file query_2.cif (mmCIF, C-alpha atoms)
data_work
loop_
_atom_site.label_atom_id
_atom_site.label_comp_id
_atom_site.auth_asym_id
_atom_site.auth_seq_id
_atom_site.Cartn_x
_atom_site.Cartn_y
_atom_site.Cartn_z
CA MET A 1 51.02 16.80 14.17
CA ALA A 2 53.56 18.12 11.70
CA PHE A 3 56.98 16.52 11.46
CA PRO A 4 59.48 18.69 13.43
CA LEU A 5 61.60 19.89 10.50
CA SER A 6 63.08 22.73 12.52
CA ASP A 7 64.59 20.26 15.00
CA TYR A 8 66.97 19.25 12.21
CA GLY A 9 67.68 22.74 10.87
CA TYR A 10 65.22 22.72 7.96
CA SER A 11 62.25 24.87 7.07
CA SER A 12 61.01 23.12 3.90
CA LYS A 13 60.90 19.79 2.10
CA GLN A 14 62.88 21.27 -0.80
CA GLU A 15 65.78 22.05 1.52
CA VAL A 16 65.84 18.40 2.60
CA LEU A 17 65.83 17.22 -1.02
CA ASP A 18 68.63 19.62 -1.92
CA ASP A 19 70.80 18.48 0.97
CA ALA A 20 70.04 14.82 0.27
CA LYS A 21 71.51 15.31 -3.21
CA ARG A 22 74.48 17.21 -1.87
CA TYR A 23 75.39 15.18 1.21
CA TRP A 24 73.65 11.79 1.02
CA ASN A 25 72.85 10.02 -2.27
CA PRO A 26 72.51 12.19 -5.38
CA ASP A 27 71.60 9.40 -7.81
CA LYS A 28 68.89 7.80 -5.67
CA THR A 29 67.39 11.16 -4.66
CA ALA A 30 67.19 12.26 -8.31
CA PHE A 31 65.87 8.87 -9.45
CA TRP A 32 62.75 9.03 -7.32
CA GLN A 33 62.01 12.61 -8.30
CA ASP A 34 62.40 11.71 -11.97
CA GLU A 35 59.98 8.78 -11.44
CA GLY A 36 57.37 11.14 -10.02
CA ILE A 37 57.88 9.92 -6.43
CA PRO A 38 59.36 12.95 -4.61
CA LEU A 39 58.73 11.30 -1.24
CA VAL A 40 60.27 12.53 1.99
CA ILE A 41 58.53 10.66 4.79
CA GLY A 42 57.36 12.76 7.71
CA GLU A 43 54.79 11.38 10.13
CA ARG A 44 54.14 7.65 10.00
CA GLU A 45 51.73 5.47 11.95
CA GLY A 46 50.38 1.97 11.41
CA TYR A 47 50.30 1.37 7.68
CA VAL A 48 50.14 5.04 6.72
CA LEU A 49 52.99 7.30 5.65
CA THR A 50 52.63 11.06 5.29
CA ASP A 51 54.97 13.04 3.06
CA LEU A 52 56.34 16.30 4.41
CA ASP A 53 54.01 18.00 1.92
CA GLY A 54 50.99 16.27 3.49
CA HIS A 55 50.49 13.55 0.85
CA ARG A 56 49.05 10.49 2.65
CA LEU A 57 50.11 7.02 1.51
CA ILE A 58 49.04 3.51 2.47
CA ASP A 59 52.32 1.62 2.76
CA MET A 60 52.22 -1.51 0.60
CA HIS A 61 56.00 -1.67 0.36
CA LEU A 62 56.93 -1.83 4.05
CA ASN A 63 60.59 -1.41 3.14
CA GLY A 64 60.82 -5.09 2.26
CA GLY A 65 58.81 -6.20 5.30
CA THR A 66 60.58 -4.05 7.88
CA TYR A 67 57.17 -2.73 8.92
CA ASN A 68 55.26 -6.01 8.95
CA ILE A 69 53.52 -4.99 12.18
CA GLY A 70 53.13 -1.36 11.08
CA HIS A 71 55.08 1.82 11.60
CA ARG A 72 55.74 2.76 15.19
CA ASN A 73 53.82 -0.21 16.52
CA PRO A 74 52.81 0.70 20.11
CA ARG A 75 53.79 -2.69 21.53
CA ALA A 76 57.23 -2.54 19.91
CA ILE A 77 57.78 1.00 21.19
CA ALA A 78 56.66 -0.04 24.68
CA ALA A 79 59.08 -2.99 24.63
CA LEU A 80 61.94 -0.69 23.68
CA THR A 81 60.96 1.86 26.32
CA ARG A 82 60.77 -0.81 29.04
CA ALA A 83 64.16 -2.20 28.03
CA LEU A 84 65.75 1.25 28.16
CA GLU A 85 64.75 1.56 31.80
CA HIS A 86 67.41 -1.06 32.63
CA ALA A 87 69.56 -1.74 29.57
CA ASP A 88 71.26 -0.31 26.53
CA VAL A 89 73.00 -1.93 23.53
CA GLY A 90 74.97 -4.11 25.93
CA ASN A 91 78.36 -5.75 25.49
CA HIS A 92 78.67 -8.35 22.75
CA HIS A 93 81.33 -10.29 24.66
CA PHE A 94 79.07 -11.40 27.51
CA PRO A 95 75.82 -13.33 27.89
CA ALA A 96 72.80 -11.03 28.19
CA VAL A 97 69.28 -11.70 29.40
CA ALA A 98 67.25 -10.40 26.44
CA ARG A 99 69.70 -11.69 23.82
CA THR A 100 69.70 -15.17 25.33
CA ALA A 101 65.92 -15.20 25.62
CA LEU A 102 65.57 -14.19 21.96
CA ALA A 103 67.97 -16.92 20.84
CA ARG A 104 66.00 -19.44 22.89
CA GLU A 105 62.67 -18.39 21.35
CA LEU A 106 64.04 -18.41 17.80
CA VAL A 107 65.35 -21.95 18.28
CA ARG A 108 62.06 -23.06 19.84
CA THR A 109 60.04 -21.77 16.89
CA ALA A 110 62.49 -22.87 14.17
CA PRO A 111 62.32 -26.05 12.07
CA GLU A 112 63.78 -29.21 13.55
CA GLY A 113 67.57 -29.26 13.70
CA ILE A 114 68.20 -25.58 14.40
CA GLU A 115 70.32 -25.32 17.56
CA LYS A 116 72.05 -21.93 17.78
CA VAL A 117 71.49 -18.30 16.83
CA VAL A 118 74.05 -15.63 15.92
CA PHE A 119 72.84 -12.03 15.67
CA GLY A 120 73.61 -9.13 13.39
CA SER A 121 72.25 -5.68 12.63
CA SER A 122 71.56 -6.06 8.90
CA GLY A 123 70.38 -8.83 6.62
CA GLY A 124 73.62 -8.72 4.65
CA GLU A 125 75.66 -9.13 7.81
CA SER A 126 73.68 -12.24 8.78
CA VAL A 127 74.03 -13.65 5.26
CA ASP A 128 77.78 -13.12 5.59
CA LEU A 129 77.69 -15.09 8.83
CA ALA A 130 75.66 -17.87 7.20
CA ILE A 131 78.20 -18.18 4.37
CA LYS A 132 81.13 -18.17 6.79
CA SER A 133 79.45 -20.87 8.88
CA ALA A 134 78.88 -23.02 5.79
CA ARG A 135 82.48 -22.61 4.70
CA TRP A 136 83.71 -23.60 8.17
CA ALA A 137 81.42 -26.64 8.29
CA THR A 138 82.38 -27.97 4.86
CA GLY A 139 85.93 -26.74 4.36
CA ARG A 140 84.80 -25.49 0.94
CA ARG A 141 84.50 -22.00 -0.57
CA ARG A 142 82.04 -22.06 -3.49
CA ILE A 143 78.57 -20.61 -2.95
CA VAL A 144 75.69 -21.27 -5.35
CA SER A 145 72.78 -18.87 -5.73
CA ILE A 146 70.33 -18.04 -8.50
CA ARG A 147 70.61 -15.49 -11.27
CA LYS A 148 69.03 -12.18 -10.30
CA ALA A 149 69.46 -13.09 -6.66
CA TYR A 150 69.62 -10.51 -3.92
CA HIS A 151 71.14 -11.25 -0.51
CA GLY A 152 72.46 -7.87 0.64
CA HIS A 153 75.35 -5.53 0.02
CA THR A 154 77.97 -6.53 2.57
CA GLY A 155 81.27 -8.38 2.05
CA LEU A 156 80.12 -11.89 1.12
CA SER A 157 76.41 -11.33 0.54
CA ILE A 158 77.05 -9.05 -2.41
CA GLY A 159 78.95 -11.82 -4.21
CA ALA A 160 75.92 -14.09 -3.96
CA GLY A 161 73.69 -11.47 -5.57
CA ASP A 162 73.07 -10.09 -9.02
CA GLU A 163 76.02 -8.67 -10.95
CA ARG A 164 74.34 -5.24 -11.00
CA PHE A 165 75.37 -4.88 -7.37
CA SER A 166 78.56 -6.95 -7.29
CA ARG A 167 80.31 -5.81 -10.47
CA LEU A 168 80.39 -2.13 -9.51
CA PHE A 169 82.55 -2.98 -6.51
CA HIS A 170 84.61 -5.74 -8.22
CA ALA A 171 82.97 -8.37 -6.03
CA ASP A 172 81.81 -10.69 -8.83
CA ARG A 173 84.38 -13.45 -8.33
CA SER A 174 83.09 -16.38 -10.39
CA ASP A 175 85.53 -18.81 -8.79
CA GLU A 176 83.79 -18.42 -5.42
CA PHE A 177 80.22 -17.52 -6.39
CA VAL A 178 78.25 -19.42 -9.01
CA GLN A 179 74.73 -18.61 -10.18
CA VAL A 180 72.20 -20.80 -11.96
CA PRO A 181 68.68 -20.07 -13.28
CA PHE A 182 65.84 -20.23 -10.77
CA ASN A 183 63.67 -23.37 -10.95
CA ASP A 184 66.29 -25.12 -13.13
CA LEU A 185 67.02 -28.27 -11.14
CA ASP A 186 69.31 -29.73 -13.80
CA ALA A 187 71.56 -26.67 -13.72
CA MET A 188 71.69 -26.82 -9.94
CA ALA A 189 72.53 -30.54 -10.00
CA GLU A 190 75.33 -29.97 -12.50
CA VAL A 191 77.04 -27.36 -10.30
CA LEU A 192 76.64 -29.40 -7.13
CA ALA A 193 77.95 -32.57 -8.76
CA ALA A 194 81.50 -31.19 -8.63
CA GLY A 195 81.44 -31.77 -4.88
CA ASP A 196 83.17 -28.48 -4.02
CA VAL A 197 80.19 -26.35 -2.99
CA ALA A 198 79.96 -25.06 0.58
CA ALA A 199 76.34 -23.97 0.38
CA VAL A 200 73.37 -23.18 -1.76
CA ILE A 201 71.67 -19.95 -0.70
CA LEU A 202 68.17 -19.16 -1.92
CA GLU A 203 65.53 -16.65 -0.99
CA THR A 204 62.52 -18.87 -0.50
CA ILE A 205 60.67 -16.50 -2.85
CA PRO A 206 63.16 -14.14 -4.55
CA ALA A 207 61.99 -10.60 -3.76
CA THR A 208 64.12 -8.22 -5.81
CA TYR A 209 63.62 -10.60 -8.75
CA GLY A 210 59.87 -9.94 -8.57
CA PHE A 211 58.69 -12.86 -6.40
CA PRO A 212 58.81 -15.70 -8.95
CA LEU A 213 57.36 -18.70 -7.15
CA PRO A 214 59.39 -21.89 -6.78
CA ASP A 215 58.02 -24.81 -8.76
CA PRO A 216 56.38 -27.51 -6.63
CA GLY A 217 59.12 -29.66 -5.12
CA TYR A 218 61.97 -27.43 -6.34
CA LEU A 219 63.25 -26.17 -2.98
CA ALA A 220 63.05 -29.60 -1.37
CA ALA A 221 64.93 -31.11 -4.32
CA VAL A 222 67.64 -28.44 -4.12
CA ALA A 223 68.08 -29.08 -0.40
CA GLU A 224 68.31 -32.83 -1.01
CA LEU A 225 70.89 -32.32 -3.77
CA ALA A 226 72.93 -30.04 -1.53
CA HIS A 227 72.94 -32.52 1.33
CA ARG A 228 73.74 -35.46 -0.96
CA THR A 229 76.85 -33.63 -2.19
CA GLY A 230 77.96 -32.44 1.24
CA ALA A 231 76.81 -28.83 0.86
CA LEU A 232 74.60 -26.85 3.23
CA TYR A 233 71.27 -25.26 2.36
CA ILE A 234 70.79 -21.63 3.45
CA ALA A 235 67.21 -20.32 3.40
CA ASP A 236 67.26 -16.53 3.10
CA GLU A 237 64.02 -15.54 4.83
CA VAL A 238 64.83 -11.88 5.38
CA GLN A 239 61.75 -10.89 3.38
CA THR A 240 59.63 -14.06 3.34
CA GLY A 241 59.90 -15.03 7.01
CA LEU A 242 58.04 -13.92 10.13
CA MET A 243 54.57 -15.06 8.99
CA ARG A 244 54.36 -13.21 5.67
CA THR A 245 53.26 -16.40 3.90
CA GLY A 246 51.04 -17.61 6.74
CA ALA A 247 53.89 -19.71 8.16
CA LEU A 248 56.55 -18.31 10.47
CA TRP A 249 59.22 -19.50 8.02
CA ALA A 250 58.11 -19.90 4.41
CA ILE A 251 60.65 -22.66 3.84
CA THR A 252 58.65 -25.00 6.10
CA LYS A 253 55.85 -25.02 3.51
CA SER A 254 58.17 -26.50 0.88
CA GLY A 255 59.36 -29.65 2.59
CA ALA A 256 62.98 -28.47 2.33
CA GLN A 257 65.23 -28.99 5.35
CA PRO A 258 67.43 -25.91 5.80
CA ASP A 259 70.75 -26.00 7.62
CA ILE A 260 70.66 -22.24 8.14
CA ILE A 261 67.82 -19.70 8.14
CA VAL A 262 68.58 -15.99 7.83
CA THR A 263 66.03 -13.52 9.16
CA GLY A 264 65.98 -9.75 9.46
CA LYS A 265 63.98 -6.68 8.41
CA GLY A 266 60.73 -7.22 10.31
CA LEU A 267 62.42 -8.88 13.29
CA GLY A 268 63.12 -5.47 14.82
CA GLY A 269 59.60 -4.19 14.21
CA GLY A 270 60.94 -1.16 12.35
CA ILE A 271 62.06 0.14 15.75
CA TYR A 272 65.54 -1.31 16.24
CA PRO A 273 67.80 -3.19 13.77
CA VAL A 274 67.98 -6.89 14.64
CA THR A 275 68.87 -9.75 12.29
CA ALA A 276 69.91 -13.32 12.88
CA ALA A 277 71.33 -16.50 11.38
CA LEU A 278 69.70 -19.63 12.79
CA LEU A 279 72.16 -22.52 12.58
CA ASN A 280 71.85 -26.27 12.82
CA GLY A 281 74.44 -28.30 14.70
CA ARG A 282 76.77 -28.73 11.74
CA ALA A 283 76.73 -25.04 10.79
CA ALA A 284 77.09 -23.94 14.41
CA GLY A 285 80.11 -26.11 15.18
CA TRP A 286 82.56 -23.21 15.07
CA LEU A 287 80.86 -21.73 18.15
CA GLU A 288 82.25 -24.64 20.18
CA VAL A 289 85.75 -24.16 18.75
CA ASP A 290 86.22 -20.38 18.82
CA GLY A 291 83.34 -18.22 19.95
CA PHE A 292 85.39 -15.10 19.19
CA ALA A 293 85.68 -15.97 15.49
CA HIS A 294 82.73 -13.76 14.56
CA MET A 295 81.81 -10.63 16.48
CA ALA A 296 79.30 -7.83 15.91
CA THR A 297 79.24 -4.90 18.31
CA PHE A 298 75.56 -4.22 17.73
CA GLY A 299 74.50 -7.79 16.90
CA GLY A 300 71.93 -8.95 19.44
CA SER A 301 71.69 -5.56 21.12
CA GLU A 302 69.92 -5.99 24.45
CA VAL A 303 67.28 -3.34 23.73
CA GLY A 304 66.87 -4.65 20.17
CA ALA A 305 66.42 -8.20 21.45
CA ALA A 306 63.65 -6.99 23.75
CA VAL A 307 61.84 -5.51 20.75
CA ALA A 308 62.34 -8.68 18.70
CA LEU A 309 60.85 -10.82 21.46
CA GLU A 310 57.72 -8.67 21.33
CA VAL A 311 57.67 -8.93 17.53
CA LEU A 312 57.79 -12.73 17.72
CA ASP A 313 54.87 -12.68 20.15
CA ILE A 314 52.85 -10.46 17.80
CA VAL A 315 53.52 -12.37 14.58
CA THR A 316 52.86 -15.80 16.07
CA ALA A 317 49.60 -14.82 17.79
CA PRO A 318 46.62 -16.83 16.48
CA GLU A 319 44.77 -13.65 15.53
CA THR A 320 47.73 -12.49 13.42
CA VAL A 321 47.96 -15.82 11.61
CA ALA A 322 44.21 -15.77 10.96
CA ASN A 323 44.38 -12.22 9.61
CA VAL A 324 47.27 -13.04 7.28
CA ARG A 325 45.37 -15.96 5.81
CA ARG A 326 42.08 -14.06 5.53
CA GLN A 327 43.59 -10.99 3.88
CA SER A 328 45.63 -13.22 1.56
CA ALA A 329 42.41 -14.86 0.36
CA ARG A 330 40.62 -11.51 -0.03
CA LEU A 331 43.49 -10.13 -2.09
CA ALA A 332 43.73 -13.26 -4.24
CA ASP A 333 40.04 -12.86 -5.13
CA ALA A 334 40.47 -9.16 -5.87
CA PHE A 335 43.50 -9.71 -8.10
CA ALA A 336 41.78 -12.51 -10.00
CA GLU A 337 38.89 -10.15 -10.77
CA LEU A 338 41.27 -7.40 -11.88
CA MET A 339 43.11 -9.81 -14.16
CA ILE A 340 39.83 -10.68 -15.85
CA ARG A 341 38.80 -7.05 -16.09
CA PHE A 342 42.17 -5.75 -17.35
CA PRO A 343 43.75 -8.62 -19.30
CA GLY A 344 45.87 -6.25 -21.37
CA ALA A 345 47.46 -4.77 -18.25
CA LEU A 346 47.62 -7.22 -15.36
CA VAL A 347 49.10 -10.38 -16.86
CA GLY A 348 50.41 -12.36 -13.88
CA ILE A 349 49.87 -12.85 -10.16
CA ARG A 350 52.66 -14.26 -8.00
CA GLN A 351 51.30 -14.78 -4.52
CA ASP A 352 52.05 -16.80 -1.42
CA GLY A 353 50.17 -15.29 1.49
CA LEU A 354 51.06 -11.61 1.75
CA VAL A 355 54.15 -12.02 -0.44
CA ILE A 356 52.74 -10.69 -3.71
CA GLY A 357 54.19 -9.73 -7.07
CA LEU A 358 51.85 -8.35 -9.73
CA GLU A 359 53.10 -8.67 -13.30
CA PHE A 360 52.11 -5.94 -15.76
CA SER A 361 52.29 -5.94 -19.52
CA PRO A 362 55.08 -4.08 -21.32
CA ALA A 363 52.22 -2.57 -23.35
CA ILE A 364 51.50 -0.25 -20.42
CA GLY A 365 55.18 0.15 -19.53
CA GLY A 366 55.43 -2.59 -16.90
CA ALA A 367 55.16 -1.82 -13.22
CA LYS A 368 56.57 1.70 -13.05
CA PRO A 369 53.46 3.48 -14.43
CA VAL A 370 51.34 1.45 -12.01
CA MET A 371 53.63 2.50 -9.16
CA ARG A 372 53.22 6.16 -10.13
CA GLY A 373 49.45 5.83 -10.50
CA LEU A 374 49.17 4.23 -7.08
CA TYR A 375 51.34 6.93 -5.56
CA GLU A 376 49.06 9.61 -6.94
CA ARG A 377 46.07 7.76 -5.49
CA GLY A 378 47.57 7.36 -2.04
CA VAL A 379 49.30 3.96 -2.10
CA TRP A 380 53.04 3.27 -1.99
CA ALA A 381 54.15 0.03 -3.68
CA ILE A 382 57.47 -0.42 -5.46
CA PHE A 383 58.59 -1.99 -8.74
CA SER A 384 61.01 -4.91 -8.62
CA THR A 385 64.54 -3.75 -9.31
CA LEU A 386 65.61 -6.85 -11.26
CA ASP A 387 62.29 -7.40 -13.05
CA PRO A 388 60.61 -4.01 -13.54
CA VAL A 389 57.43 -5.43 -15.04
CA VAL A 390 56.58 -6.70 -11.53
CA LEU A 391 55.11 -4.57 -8.77
CA GLN A 392 55.87 -5.66 -5.21
CA PHE A 393 52.56 -5.39 -3.36
CA LYS A 394 53.18 -6.26 0.29
CA PRO A 395 50.46 -5.58 2.87
CA GLY A 396 51.27 -5.77 6.57
CA LEU A 397 50.38 -8.69 8.80
CA LEU A 398 47.91 -6.65 10.85
CA VAL A 399 46.27 -4.83 7.92
CA ASP A 400 42.51 -4.33 8.22
CA ASP A 401 39.75 -4.73 5.66
CA ASP A 402 39.31 -1.01 5.03
CA THR A 403 43.01 -0.48 4.28
CA VAL A 404 43.06 -3.44 1.89
CA ASP A 405 39.91 -2.19 0.17
CA GLN A 406 41.39 1.29 -0.25
CA ALA A 407 44.55 -0.16 -1.79
CA VAL A 408 42.58 -2.36 -4.20
CA ALA A 409 40.40 0.62 -5.18
CA ALA A 410 43.55 2.66 -5.93
CA LEU A 411 44.93 -0.19 -8.03
CA THR A 412 41.61 -0.44 -9.89
CA GLY A 413 41.63 3.28 -10.64
CA THR A 414 45.21 3.13 -11.82
CA LEU A 415 44.48 0.26 -14.20
CA GLU A 416 41.42 2.07 -15.53
CA SER A 417 43.71 4.96 -16.47
CA LEU A 418 46.43 2.75 -18.00
CA ALA A 419 44.72 -0.30 -19.43
CA VAL A 420 44.84 -1.18 -23.11
CA PRO A 421 42.49 -3.56 -24.94
CA ALA A 422 43.28 -7.26 -24.58
#
call {"tool": "encode", "arguments": {"input": "query_2.cif", "output": "structure tokens"}}
result
Amino acid sequence: MAFPLSDYGYSSKQEVLDDAKRYWNPDKTAFWQDEGIPLVIGEREGYVLTDLDGHRLIDMHLNGGTYNIGHRNPRAIAALTRALEHADVGNHHFPAVARTALARELVRTAPEGIEKVVFGSSGGESVDLAIKSARWATGRRRIVSIRKAYHGHTGLSIGAGDERFSRLFHADRSDEFVQVPFNDLDAMAEVLAAGDVAAVILETIPATYGFPLPDPGYLAAVAELAHRTGALYIADEVQTGLMRTGALWAITKSGAQPDIIVTGKGLGGGIYPVTAALLNGRAAGWLEVDGFAHMATFGGSEVGAAVALEVLDIVTAPETVANVRRQSARLADAFAELMIRFPGALVGIRQDGLVIGLEFSPAIGGAKPVMRGLYERGVWAIFSTLDPVVLQFKPGLLVDDDTVDQAVAALTGTLESLAVPA
């Protein structure tokens, strides 16, 4: 079935591209065309996208994990449809059945100590809430993150991220936001020693930075340092949570004890925007003092909460966990073979479950030529914005053997066309 272009007043893909430049985002629209990715998504189902021109793509990007359970997952759609028979967005001032049930289930499945949940409609919004909660709990302002961090584009989240995003909008205030190198425990200890830090915020595996893996013991040591100096530890699990690493929350694999966990993207199943900050007792204290201090009209939407409850049921199912672990092992074996076969091209593998960054040699131009080659061969995977030698390769939780094999075959063909001698 063709995408209904005429329903939106268009008769061709080119008209959409022209209007996107004129009315939406000229720089981003031109960027992708210049990179050889003139994608306008039409039909989408499972882990397959189809361009308006008919080009079929296996989605190994998933929009950062938004489509962990696939595009237009039938169970997520059914949950939304059922909810719409009785509910709508709801009213954020009052208790609601689905919202309360979702908060209960998130607390039940969270690490020990998490007591309350506050909802948002974007990851950045929930990061903002996490930072505000930490500032309330500690009476301090400074936030520590890592260099080349990414935590969103909203009011406070942008300050915790890389200067590429904060400087443009004059949000790089060094007196409130401090950044240190990733995996540098000494640098972290030096900043925390001042005793004026409200929170450390870290993506458990930094995504936009190209998925560098934390050194063994690093995250637990950072959390311990934070707690010793009176600061809170915020685990940003917007991309690494919801079973992508084979654990519901990746932070639980590290031994670190978070005070706050931020989740988003995949929580709404790609059907309805739902994000959340999961707070321990200390971080949640403001909810007992003034529950009106933070409000979000669409945060914890009743119909969105119904979808998220279904998502939680899907991602925690034993068969899903088993598939994540099995496909992770299959991919690890495949990448190891490719690294041996193409040592002058594939030079690094950063993998924890289905969170995967593939590092490519500057000799072949880094990850962008690989991205283009995969696109031509029917696979969509994206380069890492803050480390463009790394390709983000992110299969879905429910991906089957045939889809994985097709993606690996496309990667093999791409490397055969690009590889240089070792």
call {"tool": "resolve_selection", "arguments": {"input": "query_2.cif", "expression": "the PyMOL selection byres ((chain A and resi 39-48) around 6)", "output": "ChimeraX atom specification"}}
result
/A:3,37-38,49-52,57-59,70-72
call {"tool": "closest_atom_pairs", "arguments": {"input": "query_2.cif", "of": "segment 160-276 of chain A", "to": "segment 390-401 of chain A", "cutoff": "9 Å", "atoms": "all atoms listed in the file", "output": "CSV"}}
result
residue,atom,partner,partner_atom,distance
A:Ala207,CA,A:Gln392,CA,8.0
A:Thr208,CA,A:Gln392,CA,8.7
A:Tyr209,CA,A:Val390,CA,8.5
A:Gly210,CA,A:Val390,CA,5.5
A:Phe211,CA,A:Gln392,CA,7.8
A:Met243,CA,A:Leu397,CA,7.6
A:Arg244,CA,A:Leu397,CA,6.8
call {"tool": "residues_around", "arguments": {"input": "query_2.cif", "residues": "Leu418 of chain A", "least_positions_apart": "6", "cutoff": "9 Å", "atoms": "all atoms listed in the file", "output": "PyMOL selection string"}}
result
chain A and resi 345+364+369-370+373
call {"tool": "closest_atom_pairs", "arguments": {"input": "query_2.cif", "of": "segment 223-269 of chain A", "to": "segment 153-163 of chain A", "cutoff": "12 Å", "atoms": "only C-alpha atoms", "output": "CSV"}}
result
residue,atom,partner,partner_atom,distance
A:Ile234,CA,A:Ala160,CA,11.8
A:Asp236,CA,A:Ser157,CA,10.8
A:Val262,CA,A:Ser157,CA,11.7
call {"tool": "closest_residue", "arguments": {"input": "query_2.cif", "among": "A:Asp34, A:Gly113, A:Asn63, A:Leu374", "to": "Thr412 of chain A", "atoms": "all atoms listed in the file"}}
result
A:Leu374
call {"tool": "atom_distance", "arguments": {"input": "query_2.cif", "atom1": "atom CA of Thr29 of chain A", "atom2": "atom CA of Ser12 of chain A"}}
result
16.0 Å
call {"tool": "residues_around", "arguments": {"input": "query_2.cif", "residues": "Glu310 of chain A", "least_positions_apart": "3", "cutoff": "9 Å", "atoms": "only C-alpha atoms", "output": "list in words"}}
result
Arg75, Ala76, Ala79, Gly269, Ala305, Ala306, Val307, Asp313, Ile314 and Val315 of chain A
call {"tool": "residues_near_point", "arguments": {"input": "query_2.cif", "point": "(56.3, -9.0, 12.5)", "cutoff": "6 Å", "atoms": "all atoms listed in the file", "output": "JSON, numbers by chain"}}
result
{"A": [68, 69, 242, 266, 311, 315]}
call {"tool": "resolve_selection", "arguments": {"input": "query_2.cif", "expression": "the PyMOL selection byres ((chain A and resi 411) around 9)", "output": "ChimeraX atom specification"}}
result
/A:338,370,373-374,377,379,406-410,412-416
call {"tool": "write_last_selection", "arguments": {"input": "query_2.cif", "atoms": "C-alpha atoms", "output": "compact mmCIF listing (two decimals), in the frame of the given file"}}
result
# COMPACT_ATOMS: atom_id res chain seq x y z
CA LEU A 338 41.27 -7.40 -11.88
CA VAL A 370 51.34 1.45 -12.01
CA GLY A 373 49.45 5.83 -10.50
CA LEU A 374 49.17 4.23 -7.08
CA ARG A 377 46.07 7.76 -5.49
CA VAL A 379 49.30 3.96 -2.10
CA GLN A 406 41.39 1.29 -0.25
CA ALA A 407 44.55 -0.16 -1.79
CA VAL A 408 42.58 -2.36 -4.20
CA ALA A 409 40.40 0.62 -5.18
CA ALA A 410 43.55 2.66 -5.93
CA THR A 412 41.61 -0.44 -9.89
CA GLY A 413 41.63 3.28 -10.64
CA THR A 414 45.21 3.13 -11.82
CA LEU A 415 44.48 0.26 -14.20
CA GLU A 416 41.42 2.07 -15.53
call {"tool": "atom_distance", "arguments": {"input": "query_2.cif", "atom1": "atom CA of Phe383 of chain A", "atom2": "atom CA of Glu359 of chain A"}}
result
9.8 Å
call {"tool": "closest_residue", "arguments": {"input": "query_2.cif", "among": "A:Asp196, A:Asp259, A:Glu125, A:Glu105", "to": "Thr229 of chain A", "atoms": "all atoms listed in the file"}}
result
A:Asp196
call {"tool": "atom_distance", "arguments": {"input": "query_2.cif", "atom1": "atom CA of Ala20 of chain A", "atom2": "atom CA of Val274 of chain A"}}
result
26.1 Å
call {"tool": "residues_near_point", "arguments": {"input": "query_2.cif", "point": "(82.9, -23.0, -4.7)", "cutoff": "9 Å", "atoms": "all atoms listed in the file", "output": "PDB file with C-alpha atoms, in the frame of the given file"}}
result
ATOM      1  CA  ARG A 140      84.800 -25.490   0.940  1.00  0.00           C
ATOM      2  CA  ARG A 141      84.500 -22.000  -0.570  1.00  0.00           C
ATOM      3  CA  ARG A 142      82.040 -22.060  -3.490  1.00  0.00           C
ATOM      4  CA  ILE A 143      78.570 -20.610  -2.950  1.00  0.00           C
ATOM      5  CA  VAL A 144      75.690 -21.270  -5.350  1.00  0.00           C
ATOM      6  CA  SER A 174      83.090 -16.380 -10.390  1.00  0.00           C
ATOM      7  CA  ASP A 175      85.530 -18.810  -8.790  1.00  0.00           C
ATOM      8  CA  GLU A 176      83.790 -18.420  -5.420  1.00  0.00           C
ATOM      9  CA  PHE A 177      80.220 -17.520  -6.390  1.00  0.00           C
ATOM     10  CA  VAL A 178      78.250 -19.420  -9.010  1.00  0.00           C
ATOM     11  CA  GLY A 195      81.440 -31.770  -4.880  1.00  0.00           C
ATOM     12  CA  ASP A 196      83.170 -28.480  -4.020  1.00  0.00           C
ATOM     13  CA  VAL A 197      80.190 -26.350  -2.990  1.00  0.00           C
ATOM     14  CA  ALA A 198      79.960 -25.060   0.580  1.00  0.00           C
ATOM     15  CA  ALA A 199      76.340 -23.970   0.380  1.00  0.00           C
TER      16      ALA A 199
END
call {"tool": "closest_residue", "arguments": {"input": "query_2.cif", "among": "A:Gly123, A:Gly139, A:Gly36, A:Gly9", "to": "Lys368 of chain A", "atoms": "all atoms listed in the file"}}
result
A:Gly36
call {"tool": "closest_residue", "arguments": {"input": "query_2.cif", "among": "A:Ala250, A:Ala98, A:Val238, A:Ala367", "to": "Arg82 of chain A", "atoms": "only C-alpha atoms"}}
result
A:Ala98
call {"tool": "closest_residue", "arguments": {"input": "query_2.cif", "among": "A:Ile260, A:Pro95, A:Thr275, A:Asp184", "to": "Gly291 of chain A", "atoms": "only C-alpha atoms"}}
result
A:Pro95
call {"tool": "resolve_selection", "arguments": {"input": "query_2.cif", "expression": "the PyMOL selection byres ((chain A and resi 282) around 12)", "output": "number ranges by chain"}}
result
A: 113-116, 130, 133-139, 227, 230-233, 258-260, 278-281, 283-288
call {"tool": "closest_residue", "arguments": {"input": "query_2.cif", "among": "A:Phe360, A:Phe292, A:Phe335, A:Tyr272", "to": "Ser121 of chain A", "atoms": "only C-alpha atoms"}}
result
A:Tyr272
